[in-house]
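Engineer: Enclosed is the structure file work.tsv (TSV, C-alpha atoms and all ligand atoms).
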```tsv
chain	number	residue	atom	x	y	z
A	9	MET	CA	-7.34	-17.04	-66.85
A	10	ILE	CA	-3.57	-16.65	-66.81
A	11	ALA	CA	-3.90	-13.81	-64.37
A	12	ARG	CA	-5.95	-16.03	-62.10
A	13	PHE	CA	-3.39	-18.78	-62.38
A	14	ILE	CA	-0.56	-16.42	-61.46
A	15	SER	CA	-2.56	-15.01	-58.59
A	16	ALA	CA	-3.27	-18.52	-57.27
A	17	SER	CA	0.37	-19.51	-57.63
A	18	VAL	CA	1.50	-16.45	-55.72
A	19	THR	CA	-1.01	-17.26	-52.99
A	20	ILE	CA	0.23	-20.84	-52.78
A	21	LEU	CA	3.82	-19.65	-52.72
A	22	PHE	CA	2.97	-17.28	-49.91
A	23	LEU	CA	1.16	-19.94	-47.91
A	24	ALA	CA	4.02	-22.37	-48.42
A	25	THR	CA	6.54	-20.04	-46.75
A	26	PRO	CA	7.74	-22.16	-43.83
A	27	ALA	CA	6.16	-20.98	-40.57
A	28	TRP	CA	6.94	-17.36	-41.36
A	29	ALA	CA	10.59	-16.46	-41.39
A	30	ASN	CA	9.02	-13.33	-39.92
A	31	GLU	CA	10.98	-10.59	-41.58
A	32	GLN	CA	9.12	-7.94	-43.50
A	33	ARG	CA	11.18	-5.53	-45.55
A	34	SER	CA	10.31	-2.25	-47.18
A	35	GLU	CA	12.36	0.46	-48.78
A	36	HIS	CA	12.97	2.09	-45.42
A	37	PHE	CA	12.43	-0.55	-42.77
A	38	LEU	CA	13.02	-4.08	-41.67
A	39	ILE	CA	10.23	-5.29	-39.40
A	40	SER	CA	11.12	-8.55	-37.70
A	41	HIS	CA	9.27	-10.90	-35.36
A	42	ALA	CA	5.97	-9.06	-35.45
A	43	TRP	CA	3.68	-11.02	-33.14
A	44	SER	CA	0.57	-10.86	-31.00
A	45	ARG	CA	-1.21	-13.13	-28.54
A	46	ALA	CA	-4.33	-15.25	-28.92
A	47	THR	CA	-7.32	-13.82	-27.06
A	48	ALA	CA	-10.51	-15.13	-25.48
A	49	PRO	CA	-13.84	-14.23	-27.11
A	50	SER	CA	-14.62	-11.89	-24.19
A	51	GLN	CA	-11.35	-10.00	-24.56
A	52	LYS	CA	-11.75	-6.86	-26.59
A	53	VAL	CA	-8.10	-5.80	-26.64
A	54	GLY	CA	-4.84	-7.21	-27.95
A	55	ALA	CA	-1.22	-6.11	-28.19
A	56	VAL	CA	1.24	-6.35	-31.08
A	57	PHE	CA	4.99	-6.49	-30.53
A	58	MET	CA	7.87	-6.31	-33.03
A	59	THR	CA	11.36	-5.07	-33.78
A	60	ILE	CA	11.62	-2.10	-36.13
A	61	ALA	CA	14.93	-1.26	-37.81
A	62	THR	CA	15.72	1.43	-40.35
A	63	ASN	CA	17.47	0.34	-43.52
A	64	GLY	CA	19.53	3.46	-43.83
A	65	ASP	CA	20.99	6.33	-41.93
A	66	LYS	CA	17.74	8.25	-41.51
A	67	THR	CA	15.84	8.37	-38.25
A	68	ASP	CA	12.06	8.14	-38.29
A	69	ARG	CA	9.20	8.02	-35.87
A	70	LEU	CA	6.30	5.60	-35.60
A	71	ILE	CA	3.31	7.88	-35.04
A	72	GLY	CA	0.31	5.61	-35.43
A	73	ALA	CA	-1.18	2.39	-36.68
A	74	LEU	CA	-4.39	0.94	-38.07
A	75	SER	CA	-5.79	-2.57	-38.30
A	76	SER	CA	-8.81	-4.08	-39.95
A	77	ALA	CA	-8.97	-6.45	-36.95
A	78	ALA	CA	-9.77	-3.70	-34.46
A	79	GLU	CA	-11.89	-0.60	-34.17
A	80	SER	CA	-8.91	1.53	-33.20
A	81	VAL	CA	-5.19	1.19	-32.63
A	82	GLN	CA	-2.91	3.11	-30.28
A	83	ILE	CA	0.77	3.08	-29.36
A	84	HIS	CA	1.23	2.26	-25.69
A	85	GLY	CA	3.99	2.17	-23.13
A	86	HIS	CA	4.28	1.37	-19.44
A	87	THR	CA	5.50	3.28	-16.45
A	88	THR	CA	5.98	1.75	-13.02
A	89	VAL	CA	5.59	3.88	-9.91
A	90	ASN	CA	5.81	2.18	-6.50
A	91	ASN	CA	5.40	-1.19	-8.20
A	92	VAL	CA	2.14	-0.03	-9.78
A	93	MET	CA	2.17	-0.67	-13.52
A	94	ARG	CA	0.45	1.92	-15.65
A	95	MET	CA	-0.27	1.40	-19.32
A	96	ARG	CA	-0.60	4.69	-21.17
A	97	GLN	CA	-0.80	5.97	-24.72
A	98	VAL	CA	2.48	7.45	-26.02
A	99	GLY	CA	2.82	10.03	-28.77
A	100	GLY	CA	5.14	7.94	-30.90
A	101	ILE	CA	8.25	5.80	-30.97
A	102	ASP	CA	11.56	7.13	-32.30
A	103	ILE	CA	13.36	4.76	-34.63
A	104	PRO	CA	17.11	5.39	-34.53
A	105	ALA	CA	19.22	5.54	-37.71
A	106	ASP	CA	21.20	2.34	-38.28
A	107	GLY	CA	19.62	0.86	-35.20
A	108	ASP	CA	16.45	-0.77	-34.07
A	109	ILE	CA	13.79	-0.57	-31.43
A	110	THR	CA	11.93	-3.51	-29.95
A	111	LEU	CA	8.34	-3.42	-28.75
A	112	ALA	CA	8.09	-6.17	-26.13
A	113	PRO	CA	5.90	-7.24	-23.18
A	114	GLY	CA	6.22	-4.91	-20.22
A	115	GLY	CA	7.47	-2.08	-22.45
A	116	LEU	CA	5.99	-0.72	-25.65
A	117	HIS	CA	3.20	-2.27	-27.70
A	118	ILE	CA	0.73	-1.44	-30.39
A	119	MET	CA	-2.65	-1.90	-28.79
A	120	LEU	CA	-5.59	-3.23	-30.74
A	121	ILE	CA	-8.73	-1.77	-29.20
A	122	GLY	CA	-12.17	-3.20	-29.86
A	123	LEU	CA	-11.18	-6.50	-31.49
A	124	LYS	CA	-13.75	-7.46	-34.11
A	125	ALA	CA	-13.05	-11.17	-33.56
A	126	PRO	CA	-10.82	-13.09	-31.15
A	127	LEU	CA	-7.21	-13.44	-32.27
A	128	LEU	CA	-6.55	-17.11	-33.00
A	129	GLU	CA	-3.19	-18.75	-32.55
A	130	ASN	CA	-1.23	-19.38	-35.77
A	131	THR	CA	-3.15	-16.82	-37.76
A	132	LEU	CA	-1.96	-13.40	-38.95
A	133	VAL	CA	-3.15	-9.96	-37.87
A	134	PRO	CA	-2.88	-7.25	-40.52
A	135	LEU	CA	-1.48	-3.93	-39.41
A	136	VAL	CA	-0.65	-0.64	-41.12
A	137	LEU	CA	2.19	1.26	-39.46
A	138	GLU	CA	2.33	4.99	-39.94
A	139	PHE	CA	5.73	6.70	-39.89
A	140	GLU	CA	6.40	10.40	-39.74
A	141	LYS	CA	8.75	10.47	-42.75
A	142	ALA	CA	8.36	7.19	-44.63
A	143	GLY	CA	4.58	7.12	-44.59
A	144	THR	CA	2.64	3.91	-44.19
A	145	LEU	CA	3.79	0.32	-44.20
A	146	GLU	CA	1.58	-2.77	-44.25
A	147	ILE	CA	2.71	-5.70	-42.16
A	148	GLU	CA	1.29	-8.86	-40.60
A	149	ALA	CA	1.83	-10.11	-37.08
A	150	GLU	CA	1.81	-13.77	-36.18
A	151	VAL	CA	-0.58	-14.73	-33.38
A	152	GLU	CA	1.19	-16.74	-30.70
A	153	ALA	CA	-0.09	-18.55	-27.58
A	154	PRO	CA	-2.08	-16.41	-25.11
A	155	GLY	CA	0.75	-16.33	-22.57
A	156	ALA	CA	3.66	-16.13	-25.03
A	157	LYS	CA	6.50	-13.78	-24.16
A	158	GLN	CA	8.11	-13.54	-27.58
A	159	ALA	CA	7.61	-14.54	-31.20
A	160	SER	CA	8.15	-18.25	-31.74
A	161	SER	CA	10.25	-17.24	-34.76
A	162	ARG	CA	12.70	-15.66	-32.33
A	163	ALA	CA	12.95	-18.72	-30.07
A	164	PRO	CA	16.25	-20.57	-30.54
A	165	ALA	CA	16.21	-23.53	-32.90
A	166	LYS	CA	15.98	-26.90	-31.17
A	167	SER	CA	19.53	-27.89	-32.14
A	168	THR	CA	21.09	-24.87	-30.43
A	169	GLU	CA	19.12	-25.27	-27.20
A	170	SER	CA	21.50	-25.86	-24.32
A	171	HIS	CA	19.03	-27.18	-21.74
A	172	GLY	CA	16.11	-29.56	-21.80
A	173	SER	CA	13.26	-27.10	-21.40
A	174	SER	CA	11.25	-26.80	-24.56
A	175	SER	CA	8.53	-24.63	-23.09
A	176	GLY	CA	10.73	-22.06	-21.41
A	177	HIS	CA	9.97	-19.31	-23.87
A	178	ARG	CA	6.42	-20.06	-24.83
A	179	GLY	CA	3.07	-19.70	-23.25
A	180	HIS	CA	1.30	-22.79	-22.04
A	181	LYS	CA	-0.02	-25.00	-24.81
A	182	HIS	CA	-2.31	-27.97	-24.68
B	6	MET	CA	-2.06	27.93	29.25
B	7	GLN	CA	1.41	27.20	27.87
B	8	ARG	CA	1.02	23.65	29.03
B	9	LYS	CA	-2.37	23.24	27.32
B	10	LEU	CA	-0.94	24.54	24.08
B	11	PHE	CA	1.98	22.16	24.36
B	12	ILE	CA	-0.32	19.15	24.91
B	13	PHE	CA	-2.47	20.26	21.98
B	14	VAL	CA	0.53	20.54	19.61
B	15	PHE	CA	2.02	17.30	20.92
B	16	THR	CA	-1.26	15.45	20.27
B	17	ILE	CA	-1.41	16.82	16.73
B	18	VAL	CA	2.17	15.71	16.05
B	19	VAL	CA	1.48	12.21	17.39
B	20	VAL	CA	-1.74	11.87	15.36
B	21	VAL	CA	-0.04	13.06	12.16
B	22	PHE	CA	2.86	10.70	12.76
B	23	PHE	CA	0.66	7.64	13.19
B	24	LEU	CA	-1.59	8.64	10.32
B	25	GLY	CA	1.52	8.92	8.15
B	26	ALA	CA	2.82	5.56	9.34
B	27	TRP	CA	-0.56	3.96	8.66
B	28	LEU	CA	-0.78	5.45	5.17
B	29	ASN	CA	2.77	4.36	4.48
B	30	LEU	CA	1.88	0.80	5.45
B	31	ARG	CA	-0.86	0.80	2.87
B	32	VAL	CA	1.60	1.43	0.07
B	33	VAL	CA	3.24	-1.71	-1.25
B	34	GLU	CA	6.90	-1.18	-0.68
B	35	PRO	CA	9.74	-2.97	-2.39
B	36	VAL	CA	11.01	-5.82	-0.26
B	37	GLU	CA	14.57	-7.12	-0.40
B	38	SER	CA	15.07	-9.86	-2.95
B	39	THR	CA	16.21	-13.21	-1.65
B	40	PRO	CA	18.81	-15.18	-3.63
B	41	VAL	CA	16.13	-17.42	-5.12
B	42	GLY	CA	14.36	-14.49	-6.72
B	43	GLY	CA	11.30	-14.44	-4.53
B	44	MET	CA	10.94	-11.84	-1.84
B	45	ALA	CA	11.15	-12.69	1.80
B	46	VAL	CA	7.76	-11.93	3.28
B	47	ASN	CA	8.28	-10.69	6.81
B	48	VAL	CA	4.97	-8.98	7.39
B	49	SER	CA	1.71	-10.80	7.30
B	50	ILE	CA	0.44	-10.65	3.74
B	51	GLY	CA	-2.74	-12.45	2.81
B	52	GLY	CA	-5.65	-13.74	4.85
B	53	PRO	CA	-9.03	-15.39	4.62
B	54	PHE	CA	-11.36	-14.62	1.72
B	55	GLU	CA	-14.68	-15.56	0.23
B	56	LEU	CA	-14.93	-15.10	-3.53
B	57	THR	CA	-16.74	-16.50	-6.58
B	58	ASN	CA	-14.79	-18.79	-8.89
B	59	HIS	CA	-15.08	-18.94	-12.67
B	60	THR	CA	-17.71	-21.67	-12.47
B	61	GLY	CA	-19.89	-19.34	-10.41
B	62	ALA	CA	-19.38	-21.18	-7.08
B	63	ARG	CA	-18.67	-19.28	-3.86
B	64	VAL	CA	-15.34	-20.46	-2.40
B	65	THR	CA	-13.21	-19.58	0.61
B	66	ASP	CA	-9.43	-19.74	1.00
B	67	GLU	CA	-9.97	-23.27	2.41
B	68	PHE	CA	-9.91	-24.70	-1.12
B	69	LEU	CA	-6.20	-23.88	-1.30
B	70	ARG	CA	-5.28	-25.80	1.89
B	71	GLY	CA	-2.97	-28.74	1.42
B	72	SER	CA	-1.51	-27.35	-1.82
B	73	TYR	CA	0.83	-24.58	-2.70
B	74	ALA	CA	-0.78	-21.72	-4.59
B	75	LEU	CA	0.53	-19.14	-7.04
B	76	ILE	CA	-1.78	-16.13	-6.93
B	77	TYR	CA	-1.86	-13.33	-9.48
B	78	PHE	CA	-4.02	-10.22	-9.27
B	79	GLY	CA	-4.93	-8.84	-12.68
B	80	TYR	CA	-7.77	-8.28	-15.13
B	81	THR	CA	-8.80	-9.73	-18.47
B	82	PHE	CA	-8.95	-6.37	-20.27
B	83	CYS	CA	-5.17	-6.17	-20.07
B	84	PRO	CA	-3.28	-7.12	-23.23
B	85	ASP	CA	0.30	-7.05	-22.00
B	86	ILE	CA	1.18	-7.32	-18.30
B	87	CYS	CA	-1.49	-9.82	-17.19
B	88	PRO	CA	-1.02	-12.40	-19.99
B	89	THR	CA	2.72	-12.20	-19.29
B	90	GLY	CA	2.21	-12.92	-15.58
B	91	LEU	CA	-0.25	-15.75	-16.23
B	92	GLY	CA	1.95	-17.20	-18.99
B	93	ASP	CA	4.87	-17.16	-16.54
B	94	ILE	CA	2.80	-19.04	-13.95
B	95	ALA	CA	1.90	-21.70	-16.55
B	96	VAL	CA	5.54	-22.12	-17.57
B	97	THR	CA	6.55	-22.29	-13.87
B	98	LEU	CA	4.15	-25.21	-13.37
B	99	ASP	CA	5.64	-26.90	-16.45
B	100	GLU	CA	9.14	-26.35	-15.07
B	101	LEU	CA	8.12	-28.05	-11.83
B	102	GLY	CA	7.11	-31.20	-13.69
B	103	ASP	CA	5.21	-33.59	-11.40
B	104	ASP	CA	5.64	-31.20	-8.46
B	105	GLY	CA	3.61	-28.66	-10.42
B	106	GLY	CA	0.59	-30.79	-9.58
B	107	HIS	CA	0.97	-29.65	-5.95
B	108	VAL	CA	0.57	-26.00	-6.95
B	109	ILE	CA	-2.83	-24.40	-7.64
B	110	PRO	CA	-2.60	-21.44	-10.06
B	111	VAL	CA	-5.04	-18.64	-9.21
B	112	MET	CA	-5.96	-15.38	-10.89
B	113	ILE	CA	-7.92	-12.88	-8.80
B	114	THR	CA	-9.47	-10.03	-10.76
B	115	ILE	CA	-9.11	-6.45	-9.60
B	116	ASP	CA	-11.78	-5.49	-12.15
B	117	PRO	CA	-14.93	-7.30	-10.93
B	118	GLU	CA	-17.16	-4.99	-12.95
B	119	ARG	CA	-15.96	-6.50	-16.23
B	120	ASP	CA	-14.64	-9.83	-14.98
B	121	THR	CA	-17.78	-11.78	-14.20
B	122	PRO	CA	-17.48	-15.56	-13.65
B	123	GLU	CA	-18.53	-16.04	-17.31
B	124	VAL	CA	-15.77	-13.75	-18.60
B	125	LEU	CA	-13.20	-15.48	-16.39
B	126	ALA	CA	-14.42	-18.93	-17.53
B	127	ASP	CA	-13.72	-17.80	-21.08
B	128	TYR	CA	-10.26	-16.47	-20.18
B	129	VAL	CA	-8.50	-18.69	-17.64
B	130	PRO	CA	-8.28	-21.91	-19.72
B	131	LEU	CA	-6.22	-19.99	-22.29
B	132	PHE	CA	-3.31	-20.07	-19.87
B	133	HIS	CA	-3.59	-23.31	-17.91
B	134	GLU	CA	-6.22	-26.02	-17.64
B	135	ARG	CA	-6.12	-25.76	-13.84
B	136	LEU	CA	-6.01	-21.96	-13.54
B	137	VAL	CA	-8.74	-20.82	-11.14
B	138	GLY	CA	-10.33	-17.43	-11.81
B	139	LEU	CA	-11.77	-15.59	-8.81
B	140	THR	CA	-14.05	-12.57	-8.74
B	141	GLY	CA	-16.59	-11.06	-6.36
B	142	THR	CA	-18.32	-7.87	-5.39
B	143	GLU	CA	-16.40	-4.58	-5.31
B	144	ALA	CA	-16.25	-5.03	-1.52
B	145	ASP	CA	-14.95	-8.62	-1.77
B	146	ILE	CA	-12.13	-7.50	-4.06
B	147	LYS	CA	-11.31	-4.44	-1.97
B	148	ASP	CA	-11.04	-6.67	1.09
B	149	ILE	CA	-8.68	-9.26	-0.43
B	150	ALA	CA	-6.60	-6.57	-2.17
B	151	GLU	CA	-6.05	-4.87	1.19
B	152	LYS	CA	-5.04	-8.16	2.78
B	153	TYR	CA	-2.49	-8.79	0.02
B	154	ARG	CA	-1.49	-5.12	-0.13
B	155	VAL	CA	-2.45	-5.00	-3.79
B	156	PHE	CA	-2.90	-1.50	-5.11
B	157	TYR	CA	-5.35	-0.99	-7.96
B	158	ARG	CA	-7.04	2.01	-9.45
B	159	ARG	CA	-9.32	2.70	-12.35
B	160	PHE	CA	-7.88	4.97	-15.03
B	161	GLU	CA	-10.16	6.74	-17.48
B	162	ASP	CA	-8.32	7.70	-20.64
B	163	PRO	CA	-10.15	10.48	-22.48
B	164	ASN	CA	-9.02	8.86	-25.76
B	165	LEU	CA	-10.59	5.53	-24.89
B	166	THR	CA	-14.22	4.63	-24.64
B	167	PHE	CA	-13.43	2.34	-21.71
B	168	TYR	CA	-11.29	2.34	-18.59
B	169	LEU	CA	-7.95	0.74	-17.80
B	170	MET	CA	-6.71	-0.47	-14.42
B	171	ASP	CA	-3.40	0.53	-12.85
B	172	HIS	CA	-2.25	-2.24	-10.55
B	173	THR	CA	0.64	-3.89	-8.73
B	174	SER	CA	1.74	-7.05	-10.44
B	175	PHE	CA	3.27	-9.45	-7.93
B	176	ILE	CA	2.86	-13.21	-7.92
B	177	TYR	CA	2.26	-14.60	-4.41
B	178	LEU	CA	3.35	-18.05	-3.27
B	179	LEU	CA	1.22	-19.61	-0.54
B	180	ASP	CA	2.27	-22.74	1.32
B	181	PRO	CA	-0.13	-25.63	2.05
B	182	LYS	CA	-1.13	-23.93	5.32
B	183	GLY	CA	-2.21	-20.82	3.43
B	184	ARG	CA	0.68	-18.64	4.54
B	185	THR	CA	2.25	-16.26	2.00
B	186	VAL	CA	5.86	-17.44	1.91
B	187	SER	CA	7.15	-15.53	-1.12
B	188	MET	CA	6.34	-12.68	-3.49
B	189	PHE	CA	7.71	-12.53	-7.00
B	190	ARG	CA	8.14	-9.20	-8.74
B	191	TYR	CA	6.83	-8.75	-12.30
B	192	GLY	CA	9.43	-10.11	-14.69
B	193	THR	CA	10.78	-12.83	-12.38
B	194	SER	CA	11.57	-15.72	-14.72
B	195	PRO	CA	9.61	-18.97	-14.46
B	196	GLU	CA	12.93	-20.76	-13.82
B	197	GLU	CA	13.52	-18.56	-10.78
B	198	MET	CA	9.99	-19.03	-9.48
B	199	ALA	CA	10.19	-22.80	-9.95
B	200	GLY	CA	13.53	-22.82	-8.10
B	201	SER	CA	12.07	-20.88	-5.21
B	202	ILE	CA	9.01	-23.16	-5.00
B	203	ARG	CA	11.24	-26.26	-5.00
B	204	LYS	CA	13.27	-24.75	-2.17
B	205	HIS	CA	10.12	-24.23	-0.12
B	206	MET	CA	8.89	-27.73	-0.90
B	207	LEU	CA	12.23	-29.20	0.12
B	208	SER	CA	12.50	-27.28	3.38
B	209	ARG	CA	8.95	-28.33	4.26
B	210	ALA	CA	9.75	-31.97	3.53
B	211	ASN	CA	12.86	-31.70	5.73
B	212	THR	CA	10.89	-30.14	8.57
B	213	TYR	CA	8.38	-32.95	8.33
B	214	GLN	CA	11.15	-35.53	8.49
B	215	THR	CA	12.75	-33.92	11.56
B	216	GLN	CA	9.46	-33.78	13.40
B	217	PHE	CA	7.80	-37.02	12.41
B	218	GLY	CA	10.50	-39.17	10.83
B	219	SER	CA	10.31	-40.40	7.24
B	220	PRO	CA	6.87	-40.15	5.73
B	221	PRO	CA	5.22	-43.59	5.64
A	301	CU	CU	-2.02	-1.03	-24.20
```
Could you render the structure as structure tokens?

Structural biologist:
Amino acid sequence: MIARFISASVTILFLATPAWANEQRSEHFLISHAWSRATAPSQKVGAVFMTIATNGDKTDRLIGALSSAAESVQIHGHTTVNNVMRMRQVGGIDIPADGDITLAPGGLHIMLIGLKAPLLENTLVPLVLEFEKAGTLEIEAEVEAPGAKQASSRAPAKSTESHGSSSGHRGHKH
Amino acid sequence: MQRKLFIFVFTIVVVVFFLGAWLNLRVVEPVESTPVGGMAVNVSIGGPFELTNHTGARVTDEFLRGSYALIYFGYTFCPDICPTGLGDIAVTLDELGDDGGHVIPVMITIDPERDTPEVLADYVPLFHERLVGLTGTEADIKDIAEKYRVFYRRFEDPNLTFYLMDHTSFIYLLDPKGRTVSMFRYGTSPEEMAGSIRKHMLSRANTYQTQFGSPP
């Protein structure tokens, strides 16, 4: 009974976290602004973006990922030759010591292949990251608008916005 | 005999030269950027088409007449580049405010095998309520891609159970007469695109005024 109560409280506490501060820490890493995009029911693929930083002075390498939301997951990058964009699987992503690496549209992403259900805006996608040295790390990515270009948690707060555009960094919303 | 040989070699050289020039023309080459971020289009890019829209109706390029159009070539099975391009188009229309109503956003698939009208109908409203999805037969798409000098190619990854498409990722601006007046490279900000469109709208309004006086 008490255990159930505690469990429920923890759940409520978790749900009450304001719109995801979007920082996920582990012993070795700080994952910030993990996000993905909402998809249409006919879309069978999605992409997850994030910033990965090491906590200490050790380098590491992201070598794979898994998600219960998709049949398989791969790490992808882009090359552009004669203005032709090619998305290809990459072997891994080096994480520098005392630095960070950002997976962002047009560059690197973690690709969800064979989505089991459409990704819905304002929900979370679970993901397990696999690192060469540190092992696995469970994270969650926030699903943004279909045409979003960055995590809404990264967008500047309203008070610091210098110009009138409120939609400049988001996808189109209705 | 010498002379015959010379003519023969000369002919070969000429043929190879023109073949090379023709092949070169088929490759989309970077064009100089104009200060507004769009690219000056000095060769004829675009042309008439007949395609199927996301409601299943056959349409020609005539439906774009009288409005500006922002055209993107992509495919729905694309999790990164295409949503970025379409998201940018939606934000550009927002940036334009009321003037955005004079711009028709269009997505033309380069993957007609997967992107049926039904799939497009499912996909386009995610980005903008007025986004028009266009598809067609392989031949229809090949034809319009050639006219817009869009390069696309199927890529089969041995690690995937399905194919990907390599493709150029420009956004084309058409004026109300259907002429391609600007090309925006992937990554051009919506602010820049909106600025360029405003400039075109303004210069058109000025031309109208010079020729016909103030609009009634
Ligand atoms: Cu990918």

Engineer: Using all atoms listed in the file, which residue out of A:Arg94, A:His86, A:His117, A:His36 lies closest to chain B?

Structural biologist: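 Going through A:Arg94, A:His86, A:His117, A:His36 one by one, the smallest distance to chain B is for A:Arg94.
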
Engineer: One number please: CA of Glu151 (chain B) to CA of Ile50 (chain B), in Å, one decimal.

Structural biologist: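 Atom-to-atom, CA of Glu151 (chain B) to CA of Ile50 (chain B), that is 9.1 Å.
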
Engineer: Find the spatial neighbours of Ala73 (chain A), counting all atoms listed in the file, within a cut-off of 8 Å - ignore same-chain residues fewer than 4 positions away - and output them as a PyMOL selection string.

Structural biologist: chain A and resi 81-83+118+135-138

Engineer: Mind dumping the selected residues with C-alpha atoms as a short mmCIF file (atom, residue, chain, number, x, y, z; two decimals), in the coordinates of the input?

Structural biologist:
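result02.cif was written with the following content:
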```
data_model
loop_
_atom_site.label_atom_id
_atom_site.label_comp_id
_atom_site.auth_asym_id
_atom_site.auth_seq_id
_atom_site.Cartn_x
_atom_site.Cartn_y
_atom_site.Cartn_z
CA VAL A 81 -5.19 1.19 -32.63
CA GLN A 82 -2.91 3.11 -30.28
CA ILE A 83 0.77 3.08 -29.36
CA ILE A 118 0.73 -1.44 -30.39
CA LEU A 135 -1.48 -3.93 -39.41
CA VAL A 136 -0.65 -0.64 -41.12
CA LEU A 137 2.19 1.26 -39.46
CA GLU A 138 2.33 4.99 -39.94
#
```

Engineer: Taking only C-alpha atoms into account, find every residue of chain B that has an atom no more than 9 Å from chain A, and write it out as number ranges by chain.

Structural biologist: B: 32-35, 81-93, 95-97, 99-100, 123-125, 127-129, 131-134, 156-157, 160, 162, 164-165, 169-175, 190-192, 195-196

Engineer: Pick from A:Thr62, A:Thr144, A:Ala105, A:Ala42: nearest to Leu132 (chain A), with all atoms listed in the file counted?

Structural biologist: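 Among the listed residues, the smallest separation from Leu132 (chain A) belongs to A:Ala42.
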
Engineer: If you measure from CA of Leu178 (chain B) to CA of Thr142 (chain B), what distance in Å do you get, rounded to one decimal?

Structural biologist: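 These atoms are spaced 24.0 Å apart.
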
Engineer: Would you please work out which residue, of A:Val98, A:Ala77, A:Glu35, A:Ile109, is nearest to ligand CU 301 (chain A) when using only C-alpha atoms and all ligand atoms?

Structural biologist: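 Distance minimum relative to ligand CU 301 (chain A) lands on A:Val98.
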
Engineer: If you measure from CA of His84 (chain A) to CA of Gly138 (chain B), what distance in Å do you get, rounded to one decimal?

Structural biologist: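 Taking CA of His84 (chain A) as the start and CA of Gly138 (chain B) as the end point, the length is 26.7 Å.
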
Engineer: Skip Asp108 (chain A) itself and residues of its chain fewer than 5 positions away, then list as a list in words all residues within 7 Å of it, counting only C-alpha atoms.

Structural biologist: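 In the requested format, the answer is Thr59, Ile60, Ala61, Thr62 and Ile103 of chain A.
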
Engineer: Find the residue from A:Ser160, A:Lys124, A:Glu150, A:Gly100 that sits nearest to Glu79 (chain A); use all atoms listed in the file when measuring.

Structural biologist: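 For Glu79 (chain A), the nearest of the given residues is A:Lys124.
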
Engineer: Please provide as a VMD selection string all residues within 12 Å of Gly105 (chain B), with the sequence filter that same-chain residues fewer than 2 positions apart are discarded (counting all atoms listed in the file).

Structural biologist: chain B and resid 72 to 75 94 to 103 107 to 110 133 135 198 to 200 202 to 203 206

Engineer: Would you output that residue set with C-alpha atoms, as a PDB file, in the frame of the given file?

Structural biologist:
```
ATOM      1  CA  SER B  72      -1.510 -27.350  -1.820  1.00  0.00           C
ATOM      2  CA  TYR B  73       0.830 -24.580  -2.700  1.00  0.00           C
ATOM      3  CA  ALA B  74      -0.780 -21.720  -4.590  1.00  0.00           C
ATOM      4  CA  LEU B  75       0.530 -19.140  -7.040  1.00  0.00           C
ATOM      5  CA  ILE B  94       2.800 -19.040 -13.950  1.00  0.00           C
ATOM      6  CA  ALA B  95       1.900 -21.700 -16.550  1.00  0.00           C
ATOM      7  CA  VAL B  96       5.540 -22.120 -17.570  1.00  0.00           C
ATOM      8  CA  THR B  97       6.550 -22.290 -13.870  1.00  0.00           C
ATOM      9  CA  LEU B  98       4.150 -25.210 -13.370  1.00  0.00           C
ATOM     10  CA  ASP B  99       5.640 -26.900 -16.450  1.00  0.00           C
ATOM     11  CA  GLU B 100       9.140 -26.350 -15.070  1.00  0.00           C
ATOM     12  CA  LEU B 101       8.120 -28.050 -11.830  1.00  0.00           C
ATOM     13  CA  GLY B 102       7.110 -31.200 -13.690  1.00  0.00           C
ATOM     14  CA  ASP B 103       5.210 -33.590 -11.400  1.00  0.00           C
ATOM     15  CA  HIS B 107       0.970 -29.650  -5.950  1.00  0.00           C
ATOM     16  CA  VAL B 108       0.570 -26.000  -6.950  1.00  0.00           C
ATOM     17  CA  ILE B 109      -2.830 -24.400  -7.640  1.00  0.00           C
ATOM     18  CA  PRO B 110      -2.600 -21.440 -10.060  1.00  0.00           C
ATOM     19  CA  HIS B 133      -3.590 -23.310 -17.910  1.00  0.00           C
ATOM     20  CA  ARG B 135      -6.120 -25.760 -13.840  1.00  0.00           C
ATOM     21  CA  MET B 198       9.990 -19.030  -9.480  1.00  0.00           C
ATOM     22  CA  ALA B 199      10.190 -22.800  -9.950  1.00  0.00           C
ATOM     23  CA  GLY B 200      13.530 -22.820  -8.100  1.00  0.00           C
ATOM     24  CA  ILE B 202       9.010 -23.160  -5.000  1.00  0.00           C
ATOM     25  CA  ARG B 203      11.240 -26.260  -5.000  1.00  0.00           C
ATOM     26  CA  MET B 206       8.890 -27.730  -0.900  1.00  0.00           C
TER      27      MET B 206
END
```

Engineer: Between A:Glu140, A:Val151, A:Leu111, A:Asp68, which is the closest to ligand CU 301 (chain A) once you count all atoms listed in the file?

Structural biologist: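 Looking only at the distances to ligand CU 301 (chain A), the closest residue turns out to be A:Leu111.
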
Engineer: So, with all atoms listed in the file as the atoms that count, which of B:Arg209, B:Ala150, B:Ser201, B:Tyr168 lies closest to ligand CU 301 (chain A)?

Structural biologist: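 Closest candidate: B:Tyr168.
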
Engineer: Excluding Phe78 (chain B) and its own-chain neighbours fewer than 6 positions away, which residues fall within 6 Å of it when counting all atoms listed in the file? Please give them as a short mmCIF file (atom, residue, chain, number, x, y, z; two decimals) with C-alpha atoms, keeping the file's coordinate frame.

Structural biologist:
```
data_model
loop_
_atom_site.label_atom_id
_atom_site.label_comp_id
_atom_site.auth_asym_id
_atom_site.auth_seq_id
_atom_site.Cartn_x
_atom_site.Cartn_y
_atom_site.Cartn_z
CA MET B 112 -5.96 -15.38 -10.89
CA ILE B 113 -7.92 -12.88 -8.80
CA THR B 114 -9.47 -10.03 -10.76
#
```
